[in-house]
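Undergrad: Data: entry_24.tsv, TSV, C-alpha atoms.
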chain	number	residue	atom	x	y	z
A	25	MET	CA	21.93	31.28	16.03
A	26	SER	CA	24.20	29.10	13.93
A	27	THR	CA	22.08	26.06	14.56
A	28	HIS	CA	19.22	27.63	12.61
A	29	VAL	CA	21.23	28.57	9.52
A	30	PRO	CA	20.50	25.29	7.62
A	31	ASP	CA	16.80	25.75	8.28
A	32	LEU	CA	16.92	29.29	6.91
A	33	ILE	CA	18.82	28.14	3.83
A	34	GLU	CA	16.26	25.39	3.25
A	35	LEU	CA	13.36	27.83	3.59
A	36	THR	CA	14.90	30.35	1.20
A	37	ALA	CA	15.55	27.56	-1.29
A	38	VAL	CA	11.79	26.94	-1.64
A	39	THR	CA	10.97	29.40	-4.39
A	40	PRO	CA	7.48	30.29	-5.65
A	41	ALA	CA	8.22	28.39	-8.86
A	42	LYS	CA	8.82	25.20	-6.86
A	43	ILE	CA	5.60	25.73	-4.94
A	44	ARG	CA	3.69	26.12	-8.20
A	45	ARG	CA	5.26	22.94	-9.58
A	46	ARG	CA	4.30	20.97	-6.49
A	47	SER	CA	0.72	22.19	-6.55
A	48	SER	CA	0.28	22.00	-10.30
A	49	VAL	CA	-2.76	20.18	-11.68
A	50	ASN	CA	-2.53	17.52	-14.33
A	51	ILE	CA	-4.73	19.29	-16.87
A	52	PRO	CA	-5.13	16.43	-19.42
A	53	VAL	CA	-6.16	13.94	-16.73
A	54	THR	CA	-8.50	16.49	-15.15
A	55	LEU	CA	-10.18	17.18	-18.50
A	56	LEU	CA	-10.51	13.44	-19.17
A	57	VAL	CA	-12.15	12.86	-15.78
A	58	ALA	CA	-14.48	15.82	-16.37
A	59	VAL	CA	-15.56	14.50	-19.78
A	60	LEU	CA	-16.08	10.98	-18.50
A	61	SER	CA	-18.09	12.25	-15.54
A	62	LEU	CA	-20.55	13.80	-18.01
A	63	THR	CA	-21.50	10.30	-19.19
A	64	VAL	CA	-22.90	9.73	-15.70
A	65	LEU	CA	-24.08	13.20	-14.73
A	66	ILE	CA	-26.07	13.93	-17.91
A	67	PRO	CA	-28.22	10.72	-17.78
A	68	LEU	CA	-28.71	11.26	-14.04
A	69	TYR	CA	-29.79	14.86	-14.63
A	70	PHE	CA	-32.14	13.76	-17.42
A	71	THR	CA	-33.70	11.14	-15.13
A	72	ILE	CA	-34.26	13.66	-12.34
A	73	VAL	CA	-35.82	16.40	-14.49
A	74	THR	CA	-38.04	13.89	-16.31
A	75	ALA	CA	-39.27	12.42	-13.03
A	76	LEU	CA	-40.27	15.91	-11.86
A	77	LYS	CA	-42.18	16.86	-15.02
A	78	SER	CA	-45.72	16.23	-16.14
A	79	SER	CA	-46.59	14.42	-19.35
A	80	ASP	CA	-47.41	17.72	-21.03
A	81	GLN	CA	-43.91	19.08	-20.37
A	82	LEU	CA	-42.16	16.26	-22.22
A	83	GLY	CA	-42.88	17.72	-25.63
A	84	GLY	CA	-40.16	20.40	-25.38
A	85	ASN	CA	-36.46	20.16	-24.62
A	86	GLY	CA	-35.80	17.00	-22.62
A	87	LEU	CA	-32.96	18.65	-20.67
A	88	ALA	CA	-34.97	21.72	-19.73
A	89	LEU	CA	-35.92	22.24	-16.10
A	90	PRO	CA	-39.57	21.51	-15.24
A	91	THR	CA	-41.82	24.55	-15.17
A	92	SER	CA	-43.64	23.00	-12.22
A	93	VAL	CA	-42.57	20.16	-9.95
A	94	HIS	CA	-44.82	17.08	-9.94
A	95	LEU	CA	-43.96	14.96	-6.90
A	96	GLU	CA	-47.04	12.86	-7.47
A	97	ASN	CA	-45.02	10.88	-10.01
A	98	PHE	CA	-43.12	9.31	-7.13
A	99	SER	CA	-46.27	8.43	-5.20
A	100	ASN	CA	-47.77	6.87	-8.33
A	101	ALA	CA	-44.61	4.83	-8.94
A	102	TRP	CA	-44.61	3.81	-5.27
A	103	LYS	CA	-48.09	2.32	-5.61
A	104	LEU	CA	-47.92	0.90	-9.14
A	105	THR	CA	-44.63	-0.96	-8.62
A	106	ASN	CA	-45.39	-2.10	-5.05
A	107	PHE	CA	-42.08	-0.44	-4.24
A	108	PRO	CA	-41.89	-1.25	-0.48
A	109	ASN	CA	-42.13	-5.01	-1.10
A	110	ALA	CA	-39.59	-4.97	-3.94
A	111	LEU	CA	-37.26	-2.77	-1.88
A	112	LEU	CA	-37.50	-5.17	1.06
A	113	ILE	CA	-36.76	-8.22	-1.10
A	114	SER	CA	-33.79	-6.56	-2.82
A	115	GLY	CA	-32.47	-5.27	0.50
A	116	ILE	CA	-32.65	-8.67	2.20
A	117	VAL	CA	-31.04	-10.48	-0.74
A	118	THR	CA	-28.26	-7.88	-1.04
A	119	VAL	CA	-27.42	-7.66	2.67
A	120	VAL	CA	-27.41	-11.42	3.23
A	121	ALA	CA	-25.38	-11.99	0.05
A	122	VAL	CA	-22.77	-9.46	1.15
A	123	ILE	CA	-22.46	-10.92	4.66
A	124	LEU	CA	-22.27	-14.53	3.48
A	125	THR	CA	-19.81	-13.63	0.72
A	126	ILE	CA	-17.38	-11.85	3.05
A	127	LEU	CA	-17.53	-14.53	5.75
A	128	THR	CA	-17.33	-17.65	3.57
A	129	ASN	CA	-15.16	-16.43	0.69
A	130	SER	CA	-12.51	-15.02	3.00
A	131	LEU	CA	-12.34	-18.34	4.85
A	132	VAL	CA	-11.92	-20.32	1.63
A	133	ALA	CA	-9.28	-17.91	0.34
A	134	TYR	CA	-7.37	-18.06	3.64
A	135	ALA	CA	-7.26	-21.85	3.55
A	136	ILE	CA	-6.02	-21.82	-0.05
A	137	ALA	CA	-3.49	-19.01	0.41
A	138	ARG	CA	-1.81	-20.65	3.40
A	139	ASN	CA	-1.76	-24.13	1.83
A	140	MET	CA	-0.81	-23.27	-1.74
A	141	HIS	CA	2.22	-25.56	-1.48
A	142	ARG	CA	-0.12	-28.57	-1.26
A	143	PRO	CA	-1.30	-30.04	-4.58
A	144	PHE	CA	-4.96	-30.23	-3.58
A	145	PHE	CA	-5.24	-26.56	-2.59
A	146	LYS	CA	-3.23	-25.46	-5.60
A	147	ALA	CA	-5.55	-27.40	-7.91
A	148	LEU	CA	-8.55	-25.95	-6.08
A	149	TYR	CA	-7.23	-22.43	-6.64
A	150	TYR	CA	-6.83	-22.98	-10.38
A	151	PHE	CA	-10.27	-24.59	-10.48
A	152	PHE	CA	-11.81	-21.39	-9.11
A	153	ILE	CA	-9.80	-19.29	-11.55
A	154	ALA	CA	-10.97	-21.45	-14.46
A	155	ALA	CA	-14.59	-20.97	-13.34
A	156	LEU	CA	-14.22	-17.26	-14.11
A	157	PHE	CA	-14.23	-18.11	-17.82
A	158	VAL	CA	-17.53	-20.04	-17.74
A	159	PRO	CA	-20.42	-17.78	-18.87
A	160	PHE	CA	-23.56	-18.04	-16.79
A	161	PRO	CA	-25.93	-18.63	-19.76
A	162	ILE	CA	-24.14	-21.95	-20.38
A	163	ILE	CA	-25.11	-23.32	-16.96
A	164	MET	CA	-28.31	-21.29	-16.55
A	165	LEU	CA	-30.77	-24.04	-17.45
A	166	PRO	CA	-29.25	-26.77	-15.21
A	167	VAL	CA	-28.99	-24.34	-12.29
A	168	THR	CA	-32.59	-23.24	-12.72
A	169	LYS	CA	-33.88	-26.82	-12.72
A	170	GLU	CA	-31.70	-27.77	-9.75
A	171	MET	CA	-32.90	-24.82	-7.66
A	172	ALA	CA	-36.51	-25.68	-8.49
A	173	VAL	CA	-36.05	-29.32	-7.46
A	174	LEU	CA	-34.42	-28.25	-4.18
A	175	GLY	CA	-37.21	-25.77	-3.47
A	176	LEU	CA	-34.79	-22.85	-3.61
A	177	ASP	CA	-36.47	-20.88	-6.40
A	178	ASN	CA	-36.91	-18.01	-3.93
A	179	PRO	CA	-34.81	-15.23	-2.34
A	180	VAL	CA	-32.97	-17.78	-0.18
A	181	GLY	CA	-31.67	-19.60	-3.23
A	182	LEU	CA	-30.89	-16.26	-4.85
A	183	PHE	CA	-28.47	-15.01	-2.21
A	184	LEU	CA	-26.92	-18.47	-1.94
A	185	LEU	CA	-26.16	-18.34	-5.67
A	186	TYR	CA	-24.65	-14.87	-5.34
A	187	THR	CA	-22.36	-16.21	-2.64
A	188	VAL	CA	-21.30	-19.23	-4.69
A	189	TYR	CA	-20.92	-17.49	-8.04
A	190	GLY	CA	-18.84	-14.72	-6.50
A	191	LEU	CA	-16.44	-17.26	-5.03
A	192	SER	CA	-14.16	-17.53	-8.06
A	193	PHE	CA	-13.33	-13.84	-8.37
A	194	ASN	CA	-13.29	-13.22	-4.62
A	195	VAL	CA	-10.88	-16.10	-3.97
A	196	PHE	CA	-8.55	-14.61	-6.57
A	197	VAL	CA	-8.68	-11.18	-4.87
A	198	TYR	CA	-8.51	-12.45	-1.29
A	199	THR	CA	-5.65	-14.85	-1.98
A	200	ALA	CA	-3.44	-12.13	-3.42
A	201	PHE	CA	-4.08	-9.93	-0.37
A	202	ILE	CA	-3.59	-12.69	2.20
A	203	LYS	CA	-0.24	-13.64	0.68
A	204	SER	CA	1.00	-10.13	1.49
A	205	ILE	CA	0.23	-10.60	5.20
A	206	PRO	CA	3.35	-11.73	7.11
A	207	ALA	CA	3.06	-15.31	8.33
A	208	GLU	CA	4.88	-14.28	11.52
A	209	LEU	CA	1.65	-12.76	12.82
A	210	GLU	CA	-0.07	-16.14	12.69
A	211	GLU	CA	2.95	-17.93	14.11
A	212	ALA	CA	2.97	-15.56	17.09
A	213	ALA	CA	-0.73	-16.19	17.70
A	214	ILE	CA	-0.24	-19.96	17.49
A	215	MET	CA	2.67	-19.73	19.93
A	216	ASP	CA	0.28	-18.01	22.36
A	217	GLY	CA	-2.08	-20.99	22.10
A	218	ALA	CA	-4.55	-19.69	19.54
A	219	SER	CA	-6.27	-22.17	17.23
A	220	VAL	CA	-6.49	-21.74	13.48
A	221	TRP	CA	-10.04	-20.39	13.76
A	222	THR	CA	-9.05	-17.95	16.54
A	223	THR	CA	-6.04	-16.82	14.51
A	224	PHE	CA	-8.21	-16.09	11.51
A	225	ARG	CA	-10.93	-14.37	13.52
A	226	LYS	CA	-8.73	-12.18	15.70
A	227	VAL	CA	-5.61	-11.67	13.58
A	228	ILE	CA	-6.30	-12.15	9.86
A	229	PHE	CA	-9.90	-11.03	9.47
A	230	PRO	CA	-9.37	-7.53	10.96
A	231	ILE	CA	-6.45	-7.00	8.57
A	232	LEU	CA	-8.74	-7.90	5.66
A	233	THR	CA	-10.86	-4.78	6.24
A	234	PRO	CA	-9.82	-3.00	3.00
A	235	ILE	CA	-10.39	-6.04	0.79
A	236	ASN	CA	-13.60	-6.89	2.67
A	237	ALA	CA	-14.90	-3.42	1.82
A	238	THR	CA	-14.00	-3.91	-1.84
A	239	VAL	CA	-15.63	-7.34	-2.07
A	240	GLY	CA	-18.65	-6.07	-0.16
A	241	ILE	CA	-19.22	-3.14	-2.52
A	242	LEU	CA	-18.81	-5.29	-5.64
A	243	THR	CA	-21.21	-7.90	-4.28
A	244	CYS	CA	-23.69	-5.22	-3.24
A	245	LEU	CA	-23.68	-3.64	-6.70
A	246	TRP	CA	-24.05	-7.02	-8.37
A	247	ALA	CA	-26.85	-8.35	-6.14
A	248	TRP	CA	-28.81	-5.08	-6.23
A	249	ASN	CA	-28.61	-4.45	-9.98
A	250	ASP	CA	-28.67	-8.03	-11.27
A	251	PHE	CA	-31.53	-8.86	-13.57
A	252	LEU	CA	-30.80	-12.24	-15.19
A	253	LEU	CA	-30.38	-14.39	-12.09
A	254	PRO	CA	-33.60	-13.23	-10.36
A	255	LEU	CA	-35.43	-13.59	-13.68
A	256	VAL	CA	-34.62	-17.31	-14.03
A	257	ILE	CA	-34.65	-18.24	-10.32
A	258	LEU	CA	-37.60	-16.46	-8.72
A	259	SER	CA	-40.90	-18.15	-9.46
A	260	ASP	CA	-43.23	-16.16	-7.19
A	261	PRO	CA	-44.21	-12.69	-8.55
A	262	ASN	CA	-44.45	-11.41	-4.97
A	263	THR	CA	-40.71	-12.02	-4.46
A	264	ARG	CA	-39.51	-9.96	-7.41
A	265	THR	CA	-36.51	-7.75	-6.86
A	266	LEU	CA	-36.35	-4.12	-7.95
A	267	PRO	CA	-34.80	-4.79	-11.39
A	268	LEU	CA	-37.55	-7.30	-12.17
A	269	VAL	CA	-40.24	-4.92	-10.94
A	270	GLN	CA	-38.80	-2.14	-13.10
A	271	TYR	CA	-38.78	-4.46	-16.12
A	272	VAL	CA	-42.42	-5.48	-15.66
A	273	PHE	CA	-43.44	-1.90	-14.97
A	274	GLN	CA	-41.68	-0.66	-18.09
A	275	GLY	CA	-43.56	-3.20	-20.19
A	276	GLN	CA	-46.93	-2.20	-18.77
A	277	PHE	CA	-46.44	1.59	-18.72
A	278	ASN	CA	-44.00	2.16	-21.56
A	279	THR	CA	-45.63	5.48	-22.51
A	280	ASP	CA	-45.87	6.93	-18.99
A	281	TYR	CA	-42.32	8.24	-18.98
A	282	THR	CA	-42.62	10.54	-15.97
A	283	THR	CA	-43.82	7.79	-13.65
A	284	ALA	CA	-41.34	5.32	-15.14
A	285	PHE	CA	-38.40	7.67	-14.59
A	286	ALA	CA	-39.60	8.37	-11.06
A	287	SER	CA	-39.52	4.64	-10.36
A	288	TYR	CA	-36.01	4.41	-11.84
A	289	LEU	CA	-34.83	7.22	-9.59
A	290	MET	CA	-36.39	5.57	-6.56
A	291	ALA	CA	-34.63	2.32	-7.40
A	292	MET	CA	-31.27	4.08	-7.79
A	293	ALA	CA	-31.47	6.20	-4.65
A	294	PRO	CA	-30.84	3.49	-1.98
A	295	LEU	CA	-27.76	2.14	-3.74
A	296	LEU	CA	-26.36	5.63	-4.28
A	297	LEU	CA	-26.64	6.30	-0.55
A	298	VAL	CA	-25.00	2.97	0.26
A	299	TYR	CA	-22.18	3.67	-2.17
A	300	LEU	CA	-21.52	7.14	-0.71
A	301	PHE	CA	-21.31	5.61	2.76
A	302	ALA	CA	-19.23	2.61	1.66
A	303	GLN	CA	-16.79	4.81	-0.27
A	304	ARG	CA	-15.76	6.53	2.95
A	305	TRP	CA	-15.49	3.12	4.61
A	306	VAL	CA	-13.16	1.87	1.88
A	307	ILE	CA	-10.88	4.89	2.26
A	308	SER	CA	-10.68	4.44	6.02
A	309	GLY	CA	-10.09	0.71	5.57
A	310	VAL	CA	-7.25	1.35	3.14
A	311	MET	CA	-5.67	3.79	5.60
A	312	ARG	CA	-5.86	1.22	8.38
A	313	GLY	CA	-4.45	-1.44	6.08
A	314	SER	CA	-1.55	0.79	5.06
A	315	ILE	CA	-0.34	1.20	8.64
A	316	LYS	CA	-0.86	-2.39	9.79
Rewrite the structure of this file - the entire thing - as structure tokens.

TA:
Amino acid sequence: MSTHVPDLIELTAVTPAKIRRRSSVNIPVTLLVAVLSLTVLIPLYFTIVTALKSSDQLGGNGLALPTSVHLENFSNAWKLTNFPNALLISGIVTVVAVILTILTNSLVAYAIARNMHRPFFKALYYFFIAALFVPFPIIMLPVTKEMAVLGLDNPVGLFLLYTVYGLSFNVFVYTAFIKSIPAELEEAAIMDGASVWTTFRKVIFPILTPINATVGILTCLWAWNDFLLPLVILSDPNTRTLPLVQYVFQGQFNTDYTTAFASYLMAMAPLLLVYLFAQRWVISGVMRGSIK
């Protein structure tokens, strides 16, 4: 019985006041998050209710629920914007850009992080960091002409540019993460006869799962929502991405708000689903990274 006395004392020491303190909610932060969430939820709600209304219902309160649901707005937007083709183009560009970015940028960052003591790699690292401060409009015209001369004024050139232009920021992020990985893991793999490529593929790359998820989401959001780069690169109207299609559609049907908002909602829906899925992937990746 005496062996359980400390446990009883510890249990009796946990008072209801301590339990309340441990489970207390930070009210100011909670209120701030609630207010900031309204900046997203209110426009999203307005988009949904407008897309479900008819033109006659727009004369009243814009935030009011529709008296009758008009799903034909989505079918009209589907046809008028040639949505399947634009969705396919945006999907291909985004997926390929994400895959190429993760594979190539992680390799470059690994080479720089493990050779930072060499002058060439150190200068290369600062070169990429300096490129972060170069606005795209400054180099937009030369890049556009170069892609046209090379015959890359198409989706292929578009996802190649996303991969290259994301290199500066991604190298900065990857390098900081790779430096936190113990070098003993690579030394052990090399002692077992693994090459540098095998070491990266089987040892380093799996550990990069959390940062790969972060880079992948950022690249996905950028490639899917970008407007300026497709505008200046793509020359064929049949290869327009969703942002370009939405821009052209808005110019042609600027008074048909119900159909326009239906097209906006259709363009947002795929990325929202991807983000909900990827958010869970990031959390699981962080958990795996924390116990590596």

Undergrad: Closest to Thr74 in chain A among A:Leu300, A:Ala207, A:Leu289, A:Ala155, using all atoms listed in the file?

TA: A:Leu289

Undergrad: With all atoms listed in the file as the atoms that count, which of A:Ile123, A:Gln81, A:Phe193, A:Thr118 lies nearest to Tyr150 in chain A?

TA: A:Phe193

Undergrad: Using all atoms listed in the file and a cutoff of 9 Å, can you tell me which residues are near (-34.2, -11.5, 0.7) in the file's coordinates, and write them out as a PyMOL selection string?

TA: chain A and resi 112-121+178-180+182-183+263+265

Undergrad: Mind checking which residues fall within 12 Å of Ser130 in chain A, counting all atoms listed in the file, ignoring those fewer than 6 positions away in the same chain, and posting them as a VMD selection string?

TA: chain A and resid 122 to 124 136 to 137 187 190 to 202 224 to 225 228 to 233 235 to 237 239 to 240

Undergrad: Find the residue from A:Asp216, A:Asp80, A:Glu208, A:Asp260 that sits nearest to Ala172 in chain A; use all atoms listed in the file when measuring.

TA: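 Checking each of A:Asp216, A:Asp80, A:Glu208, A:Asp260 against Ala172 in chain A, counting all atoms listed in the file, the winner is A:Asp260.
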
Undergrad: Can you work out the spacing between CA of Leu242 in chain A and CA of Ile162 in chain A in Å, to one decimal?

TA: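 Computing it gives 22.9 Å between the two atoms.
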
Undergrad: Can you tell me, as a list of chain:residue names, what residues are no more than 8 Å from range 138-145 of chain A when counting all atoms listed in the file, ignoring any on the same chain fewer than 4 positions away?

TA: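 Final neighbour list, sorted by chain and number: A:Tyr134, A:Tyr149, A:Lys203.
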